[in-house]
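Beneath this line is the structure, given in structure tokens, with notes to follow.
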Amino acid sequence: QVQLVESGGGLVQAGGSLRLSCEASRRAISRYSMGWFRQAPGKEREFVARISWSGGNTYYADSVKGRFTISRDNAKNTVYLQMNNLNAEDTAVYYCAADRADYSSTYYYSSSYDYWGQGTQVTVSS
């Protein structure tokens with residue numbers, strides 16, 4: 001069982017930056033691929049980014065490519081999401097998730113992930 005706790009959300013102006021953190025406990029995440037998803041009010045949860053076990057492979061949704069960066073520090077059991085040039089469409093609750101597979105062809109599906117955090121709110125004011 002992996003417990004995930006997100007932090008770093010908040011209110012930011014359009015064009016600003018935030019860095020989200022996802023700290024894991026109960027089990028090391030070095031053998032988990034880690035993902036970030038988000039859910040805006042009235043919308044379905046959507047894929048944002050994913051990073052492989054070693055961090056050597058990363059994947060991004062087209063909507064965040066070039067603006068967001070996912071990274072991990074296995075020694076700290078933590079995954080990060082650096083978000084730059086934020087806009088109002090990025091407003092959502094952001095969730096961290098863990099997948100036992102190093103590679104998955106369905107990494108953009110929330111059902112591919114085994115464990116989830118509670119989420120952290122990101123609000124971008126225009």
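Order determines the names: the first chain of the structure tokens is A, the second B, and so forth; residues in each chain are numbered 1 upward, and ligands are numbered 1 upward as they are shown.
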Write out as a ChimeraX atom specification the residues lying within 12 Å of A:Arg19, counting only C-alpha atoms and excluding same-chain residues fewer than 2 positions away. /A:6-12,16-17,21-22,67-71,79-86,94,120,122
Hey, which bits of stretch 70-114 of chain A sit within 8 Å of stretch 47-52 of chain A, and for each residue what's the closest pair of atoms and how far apart in Å (one decimal), counting only C-alpha atoms, rows by chain and increasing number, as JSON lines?
{"residue": "A:Ile70", "atom": "CA", "partner": "A:Ala49", "partner_atom": "CA", "distance": 6.5}
{"residue": "A:Ser71", "atom": "CA", "partner": "A:Ile51", "partner_atom": "CA", "distance": 6.9}
{"residue": "A:Arg72", "atom": "CA", "partner": "A:Ile51", "partner_atom": "CA", "distance": 7.7}
{"residue": "A:Asp102", "atom": "CA", "partner": "A:Ser52", "partner_atom": "CA", "distance": 5.5}
{"residue": "A:Tyr103", "atom": "CA", "partner": "A:Ser52", "partner_atom": "CA", "distance": 6.9}
{"residue": "A:Tyr107", "atom": "CA", "partner": "A:Arg50", "partner_atom": "CA", "distance": 7.4}
{"residue": "A:Tyr108", "atom": "CA", "partner": "A:Phe47", "partner_atom": "CA", "distance": 5.2}
{"residue": "A:Tyr109", "atom": "CA", "partner": "A:Phe47", "partner_atom": "CA", "distance": 7.0}
{"residue": "A:Ser110", "atom": "CA", "partner": "A:Phe47", "partner_atom": "CA", "distance": 7.3}
Limited to C-alpha atoms, could you put the picked residues into a file as a PDB file, in the first residue's frame?
ATOM      1  CA  ILE A  70       7.488  16.246 -13.969  1.00  0.00           C
ATOM      2  CA  SER A  71      10.447  15.011 -11.947  1.00  0.00           C
ATOM      3  CA  ARG A  72      11.164  12.654  -9.089  1.00  0.00           C
ATOM      4  CA  ASP A 102       7.422   0.903 -15.476  1.00  0.00           C
ATOM      5  CA  TYR A 103       5.838   1.179 -18.901  1.00  0.00           C
ATOM      6  CA  TYR A 107      -0.629   5.633 -19.094  1.00  0.00           C
ATOM      7  CA  TYR A 108      -3.140   8.394 -19.838  1.00  0.00           C
ATOM      8  CA  TYR A 109      -6.016   6.406 -18.307  1.00  0.00           C
ATOM      9  CA  SER A 110      -6.668   6.939 -14.636  1.00  0.00           C
TER      10      SER A 110
END
Would you give me, as a ChimeraX atom specification, the residues in stretch 66-96 of chain A that DSSP reads as strand (DSSP E)? /A:68-73,78-83,92-96
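Minimum atom-to-atom distances from A:Trp36, A:Trp53, A:Tyr59, A:Tyr115 to A:Ala24 were compared using only C-alpha atoms, and the lowest value belongs to A:Tyr115.
In this model, the gap between atom CA of A:Arg31 and atom CA of A:Ser104 comes to 13.5 Å.
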From a DSSP calculation on the backbone, collect every residue of stretch 20-119 of chain A in helix (DSSP H, G or I) and output the set as a count of residues only. 6
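Picture a line from atom CA of A:Thr106 to atom CA of A:Val93; it runs 21.7 Å.
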So how far away is atom CA of A:Glu44 from atom CA of A:Asp90, in Å? 13.6 Å
Nearest to A:Gly42 by atom-to-atom distance, counting only C-alpha atoms, from A:Glu23, A:Lys76, A:Ala92, A:Ile29: A:Ala92
